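Working notes, beginning with the structure itself.
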Amino acid sequence: MPGRPRISFITDSMLGNLARKLRLFGFDTLYYRAGDDEGLLHNFQERILLTCDRELYRKSVLRNRRVIFIERADDEIEALRRVFSELGMRPKAIAVRCTVCNGPLRRMSRDEVVSSNLIPSSTKRRYREFYVCTSCGKIYWYGSHWKSINATVDKLKEALETKL
Ligand SMILES: [Zn+2]
């Protein structure tokens, strides 16, 4: 799929919310719940590590691991701003990753949408684009949820422009 980002991330156990938000931008983002630093340091080397743990950050830098430090006090926009700013990227929401489980999304055909009993009839009539997570089965569509995503994108763009 065009526009799918190639950068991937892994977040420490404190940054589950940031992991979900990054998936809205299409990033393959693992949330490392286990919380042991060594596991994070030794595995997933191909992923950029996001952490709010100063000790883990320090160890990562010493080992030449790609890492971005997130302040624990950051709100969601500020945390995202750090990531996008650090990597010099423009934010764009893209429906390719499940925000819940990080599974890849697939566009549903009209027939699938019509025959699905997980989508309310009024929603089927109102929206044209539906996506399903190929891993957990969650269904997404461009409805009110998408409006709040766009609001997040706008706030993030503003933050990136004002704070360089
Ligand atoms: Zn999923």
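Following the order of the structure tokens, chains are lettered A, B, ..., residues in each are numbered from 1, and ligands are numbered from 1.
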Nearby residues (only C-alpha atoms) at most 12 Å from Pro5 in chain A, same-chain spacing under 3 positions excluded, as an NGL selection string: :A and (1-2 or 8-9 or 22-29 or 89-97)
Using N, CA and C atoms, can you export the residues from the last selection as a PDB file, in the first residue's frame?
ATOM      1  N   MET A   1       0.848  -1.195   0.000  1.00  0.00           N
ATOM      2  CA  MET A   1       0.000   0.000   0.000  1.00  0.00           C
ATOM      3  C   MET A   1       0.888   1.251   0.000  1.00  0.00           C
ATOM      4  N   PRO A   2       0.618   2.239  -0.866  1.00  0.00           N
ATOM      5  CA  PRO A   2       1.471   3.428  -0.909  1.00  0.00           C
ATOM      6  C   PRO A   2       1.311   4.236   0.374  1.00  0.00           C
ATOM      7  N   SER A   8       9.436   1.585  12.267  1.00  0.00           N
ATOM      8  CA  SER A   8       8.616   0.899  13.262  1.00  0.00           C
ATOM      9  C   SER A   8       9.146   1.203  14.664  1.00  0.00           C
ATOM     10  N   PHE A   9       8.254   1.065  15.641  1.00  0.00           N
ATOM     11  CA  PHE A   9       8.593   1.452  17.007  1.00  0.00           C
ATOM     12  C   PHE A   9       8.307   0.332  17.998  1.00  0.00           C
ATOM     13  N   LEU A  22       0.360   6.115  17.751  1.00  0.00           N
ATOM     14  CA  LEU A  22       1.267   5.984  16.606  1.00  0.00           C
ATOM     15  C   LEU A  22       0.689   5.060  15.537  1.00  0.00           C
ATOM     16  N   ARG A  23      -0.102   4.097  15.963  1.00  0.00           N
ATOM     17  CA  ARG A  23      -0.742   3.188  14.992  1.00  0.00           C
ATOM     18  C   ARG A  23      -1.738   3.923  14.104  1.00  0.00           C
ATOM     19  N   LEU A  24      -2.314   5.019  14.619  1.00  0.00           N
ATOM     20  CA  LEU A  24      -3.224   5.833  13.799  1.00  0.00           C
ATOM     21  C   LEU A  24      -2.501   6.424  12.598  1.00  0.00           C
ATOM     22  N   PHE A  25      -1.197   6.592  12.737  1.00  0.00           N
ATOM     23  CA  PHE A  25      -0.397   7.144  11.651  1.00  0.00           C
ATOM     24  C   PHE A  25       0.215   6.025  10.803  1.00  0.00           C
ATOM     25  N   GLY A  26      -0.231   4.825  11.048  1.00  0.00           N
ATOM     26  CA  GLY A  26       0.204   3.683  10.236  1.00  0.00           C
ATOM     27  C   GLY A  26       1.488   3.023  10.714  1.00  0.00           C
ATOM     28  N   PHE A  27       2.041   3.468  11.827  1.00  0.00           N
ATOM     29  CA  PHE A  27       3.297   2.881  12.290  1.00  0.00           C
ATOM     30  C   PHE A  27       3.092   1.536  12.965  1.00  0.00           C
ATOM     31  N   ASP A  28       3.880   0.586  12.549  1.00  0.00           N
ATOM     32  CA  ASP A  28       3.942  -0.712  13.197  1.00  0.00           C
ATOM     33  C   ASP A  28       4.578  -0.465  14.571  1.00  0.00           C
ATOM     34  N   THR A  29       3.777  -0.541  15.618  1.00  0.00           N
ATOM     35  CA  THR A  29       4.237  -0.150  16.959  1.00  0.00           C
ATOM     36  C   THR A  29       3.913  -1.222  17.991  1.00  0.00           C
ATOM     37  N   MET A  89       9.354  14.058  10.443  1.00  0.00           N
ATOM     38  CA  MET A  89       8.229  13.542   9.655  1.00  0.00           C
ATOM     39  C   MET A  89       7.022  14.465   9.749  1.00  0.00           C
ATOM     40  N   ARG A  90       6.199  14.434   8.691  1.00  0.00           N
ATOM     41  CA  ARG A  90       4.920  15.147   8.692  1.00  0.00           C
ATOM     42  C   ARG A  90       3.827  14.180   9.120  1.00  0.00           C
ATOM     43  N   PRO A  91       2.950  14.587  10.034  1.00  0.00           N
ATOM     44  CA  PRO A  91       1.904  13.663  10.471  1.00  0.00           C
ATOM     45  C   PRO A  91       0.782  13.506   9.448  1.00  0.00           C
ATOM     46  N   LYS A  92       0.388  12.274   9.218  1.00  0.00           N
ATOM     47  CA  LYS A  92      -0.745  12.002   8.328  1.00  0.00           C
ATOM     48  C   LYS A  92      -1.412  10.720   8.822  1.00  0.00           C
ATOM     49  N   ALA A  93      -2.684  10.827   9.153  1.00  0.00           N
ATOM     50  CA  ALA A  93      -3.401   9.640   9.631  1.00  0.00           C
ATOM     51  C   ALA A  93      -3.658   8.712   8.456  1.00  0.00           C
ATOM     52  N   ILE A  94      -3.495   7.428   8.673  1.00  0.00           N
ATOM     53  CA  ILE A  94      -3.653   6.464   7.593  1.00  0.00           C
ATOM     54  C   ILE A  94      -4.158   5.147   8.185  1.00  0.00           C
ATOM     55  N   ALA A  95      -5.191   4.592   7.571  1.00  0.00           N
ATOM     56  CA  ALA A  95      -5.832   3.397   8.134  1.00  0.00           C
ATOM     57  C   ALA A  95      -5.127   2.124   7.672  1.00  0.00           C
ATOM     58  N   VAL A  96      -4.007   1.809   8.278  1.00  0.00           N
ATOM     59  CA  VAL A  96      -3.313   0.569   7.927  1.00  0.00           C
ATOM     60  C   VAL A  96      -3.011  -0.320   9.138  1.00  0.00           C
ATOM     61  N   ARG A  97      -3.168   0.239  10.365  1.00  0.00           N
ATOM     62  CA  ARG A  97      -2.847  -0.527  11.578  1.00  0.00           C
ATOM     63  C   ARG A  97      -4.006  -0.484  12.560  1.00  0.00           C
TER      64      ARG A  97
END
Residues near Ser13 in chain A, anyone? I mean within 7 Å using only C-alpha atoms, not counting same-chain ones fewer than 4 positions away, as a compact mmCIF listing (two decimals) with C-alpha atoms, in the first residue's frame.
# COMPACT_ATOMS: atom_id res chain seq x y z
CA TYR A 31 3.81 -2.11 23.19
CA TYR A 32 6.26 -3.91 25.44
CA ARG A 33 4.26 -4.68 28.55
CA ALA A 34 6.79 -6.89 30.32
CA GLY A 35 8.75 -3.96 31.69
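Take the candidates A:Asn117, A:Thr51, A:Thr152, A:Asn102 and check each one against ligand 1 using only C-alpha atoms and all ligand atoms; the shortest distance goes to A:Asn102.
Near ligand 1, the residues found within 7 Å are Cys98, Thr99, Val100, Cys101, Asn102, Gly103, Cys133, Thr134, Ser135, Cys136, Gly137 and Lys138 of chain A (criterion computed using only C-alpha atoms and all ligand atoms).
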Would you put the residues from that selection into a file with C-alpha atoms, as an mmCIF file, in the first residue's frame?
data_model
loop_
_atom_site.group_PDB
_atom_site.id
_atom_site.type_symbol
_atom_site.label_atom_id
_atom_site.label_comp_id
_atom_site.auth_asym_id
_atom_site.auth_seq_id
_atom_site.Cartn_x
_atom_site.Cartn_y
_atom_site.Cartn_z
ATOM 1 C CA CYS A 98 -5.285 -1.647 14.249
ATOM 2 C CA THR A 99 -4.946 0.770 17.180
ATOM 3 C CA VAL A 100 -5.846 -1.975 19.653
ATOM 4 C CA CYS A 101 -3.541 -4.824 18.620
ATOM 5 C CA ASN A 102 -1.215 -3.402 15.907
ATOM 6 C CA GLY A 103 -2.532 -5.933 13.354
ATOM 7 C CA CYS A 133 -8.147 -5.835 11.457
ATOM 8 C CA THR A 134 -6.726 -9.066 10.027
ATOM 9 C CA SER A 135 -5.520 -10.006 13.487
ATOM 10 C CA CYS A 136 -8.343 -9.292 15.989
ATOM 11 C CA GLY A 137 -11.302 -8.584 13.664
ATOM 12 C CA LYS A 138 -12.053 -5.061 14.917
#
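Put simply, CA of Leu15 in chain A is 18.1 Å away from CA of Lys59 in chain A.
With only C-alpha atoms as the atoms that count, the minimum distance from Arg106 in chain A to the choices A:Ile139, A:Leu156, A:Ile119, A:Val83 is reached by A:Ile139.
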Counting only C-alpha atoms, which residue out of A:Cys52, A:Leu160, A:Asn17, A:Leu87 sits closest to Ala73 in chain A? A:Cys52
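Taking only C-alpha atoms into account, Tyr142 in chain A lies nearest to A:Glu129 out of the set A:Asp12, A:Glu129, A:Asp154, A:Glu71.
Residues of range 1-163 of chain A that DSSP, applied to the backbone, places in strand (DSSP E): Ser8, Phe9, Ile10, Thr11, Asp28, Thr29, Leu30, Tyr31, Ile48, Leu49, Leu50, Thr51, Val67, Ile68, Phe69, Leu105, Arg106, Arg107, Phe130, Tyr131, Val132, Cys133, Ile139, Tyr140 and Trp141 of chain A.
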Would you list, as a ChimeraX atom specification, the residues of range 30-136 of chain A that end up in alpha helix (DSSP H) under DSSP run on this structure's backbone? /A:37-42,54-62,76-87,110-115,121-126
Could you take the residues named above and write them with N, CA and C atoms, as a compact mmCIF listing (two decimals), in the first residue's frame?
# COMPACT_ATOMS: atom_id res chain seq x y z
N ASP A 37 14.01 -4.10 31.36
CA ASP A 37 14.89 -3.33 30.48
C ASP A 37 15.74 -4.21 29.59
N GLU A 38 16.25 -5.27 30.14
CA GLU A 38 17.17 -6.13 29.36
C GLU A 38 16.46 -6.71 28.14
N GLY A 39 15.23 -7.16 28.34
CA GLY A 39 14.46 -7.70 27.22
C GLY A 39 14.30 -6.68 26.10
N LEU A 40 14.02 -5.46 26.52
CA LEU A 40 13.84 -4.39 25.53
C LEU A 40 15.15 -4.03 24.84
N LEU A 41 16.22 -4.06 25.59
CA LEU A 41 17.52 -3.67 25.03
C LEU A 41 18.05 -4.71 24.04
N HIS A 42 17.78 -5.98 24.34
CA HIS A 42 18.38 -7.03 23.52
C HIS A 42 17.53 -7.45 22.34
N ARG A 54 14.60 7.13 32.22
CA ARG A 54 15.91 7.74 31.95
C ARG A 54 17.05 6.72 31.92
N GLU A 55 16.97 5.74 32.82
CA GLU A 55 18.00 4.72 32.90
C GLU A 55 18.03 3.87 31.62
N LEU A 56 16.87 3.48 31.17
CA LEU A 56 16.76 2.69 29.94
C LEU A 56 17.23 3.52 28.74
N TYR A 57 16.89 4.80 28.74
CA TYR A 57 17.32 5.69 27.67
C TYR A 57 18.85 5.76 27.62
N ARG A 58 19.45 5.94 28.81
CA ARG A 58 20.91 6.04 28.91
C ARG A 58 21.58 4.76 28.40
N LYS A 59 21.07 3.62 28.84
CA LYS A 59 21.63 2.34 28.40
C LYS A 59 21.49 2.16 26.89
N SER A 60 20.38 2.60 26.36
CA SER A 60 20.14 2.45 24.92
C SER A 60 21.13 3.28 24.12
N VAL A 61 21.36 4.52 24.58
CA VAL A 61 22.31 5.40 23.90
C VAL A 61 23.71 4.78 23.93
N LEU A 62 24.08 4.24 25.08
CA LEU A 62 25.39 3.61 25.23
C LEU A 62 25.57 2.44 24.26
N GLU A 76 -0.53 13.84 25.22
CA GLU A 76 -0.41 12.99 24.03
C GLU A 76 0.15 13.76 22.82
N ILE A 77 -0.24 15.02 22.68
CA ILE A 77 0.25 15.80 21.53
C ILE A 77 1.75 16.05 21.67
N GLU A 78 2.18 16.40 22.88
CA GLU A 78 3.60 16.69 23.09
C GLU A 78 4.45 15.43 22.87
N ALA A 79 3.96 14.29 23.31
CA ALA A 79 4.70 13.03 23.11
C ALA A 79 4.82 12.74 21.61
N LEU A 80 3.73 12.90 20.88
CA LEU A 80 3.76 12.67 19.43
C LEU A 80 4.68 13.69 18.75
N ARG A 81 4.60 14.93 19.22
CA ARG A 81 5.44 15.98 18.63
C ARG A 81 6.92 15.62 18.73
N ARG A 82 7.32 15.10 19.90
CA ARG A 82 8.72 14.69 20.07
C ARG A 82 9.13 13.67 19.02
N VAL A 83 8.26 12.68 18.81
CA VAL A 83 8.58 11.60 17.87
C VAL A 83 8.68 12.14 16.44
N PHE A 84 7.67 12.88 16.02
CA PHE A 84 7.66 13.39 14.64
C PHE A 84 8.78 14.40 14.41
N SER A 85 9.03 15.22 15.41
CA SER A 85 10.06 16.23 15.29
C SER A 85 11.44 15.57 15.20
N GLU A 86 11.67 14.62 16.05
CA GLU A 86 12.95 13.89 16.09
C GLU A 86 13.24 13.22 14.75
N LEU A 87 12.21 12.69 14.12
CA LEU A 87 12.40 11.95 12.88
C LEU A 87 12.15 12.81 11.63
N ARG A 110 -17.62 -4.19 -0.43
CA ARG A 110 -19.00 -3.78 -0.13
C ARG A 110 -19.84 -4.99 0.31
N ASP A 111 -19.63 -6.13 -0.35
CA ASP A 111 -20.38 -7.34 0.01
C ASP A 111 -20.11 -7.76 1.46
N GLU A 112 -18.85 -7.68 1.84
CA GLU A 112 -18.49 -8.04 3.22
C GLU A 112 -19.17 -7.10 4.22
N VAL A 113 -19.16 -5.80 3.87
CA VAL A 113 -19.78 -4.80 4.75
C VAL A 113 -21.27 -5.10 4.90
N VAL A 114 -21.92 -5.33 3.75
CA VAL A 114 -23.37 -5.57 3.75
C VAL A 114 -23.73 -6.81 4.57
N SER A 115 -22.92 -7.86 4.46
CA SER A 115 -23.28 -9.11 5.15
C SER A 115 -22.77 -9.16 6.60
N SER A 121 -26.82 -1.18 10.73
CA SER A 121 -27.33 -0.87 9.37
C SER A 121 -27.20 0.61 9.04
N SER A 122 -27.46 1.47 10.03
CA SER A 122 -27.38 2.91 9.75
C SER A 122 -25.95 3.30 9.37
N THR A 123 -24.97 2.65 10.00
CA THR A 123 -23.56 2.92 9.70
C THR A 123 -23.21 2.42 8.30
N LYS A 124 -23.74 1.25 7.96
CA LYS A 124 -23.50 0.71 6.61
C LYS A 124 -24.00 1.66 5.53
N ARG A 125 -25.15 2.31 5.82
CA ARG A 125 -25.72 3.22 4.84
C ARG A 125 -24.95 4.53 4.76
N ARG A 126 -24.42 4.94 5.90
CA ARG A 126 -23.80 6.27 5.98
C ARG A 126 -22.38 6.35 5.46
In Å, how far is it from CA of Glu158 in chain A to CA of Leu105 in chain A? 28.1 Å
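The gap separating CA of Ser109 in chain A from CA of Lys147 in chain A is 22.7 Å, in Å to one decimal.
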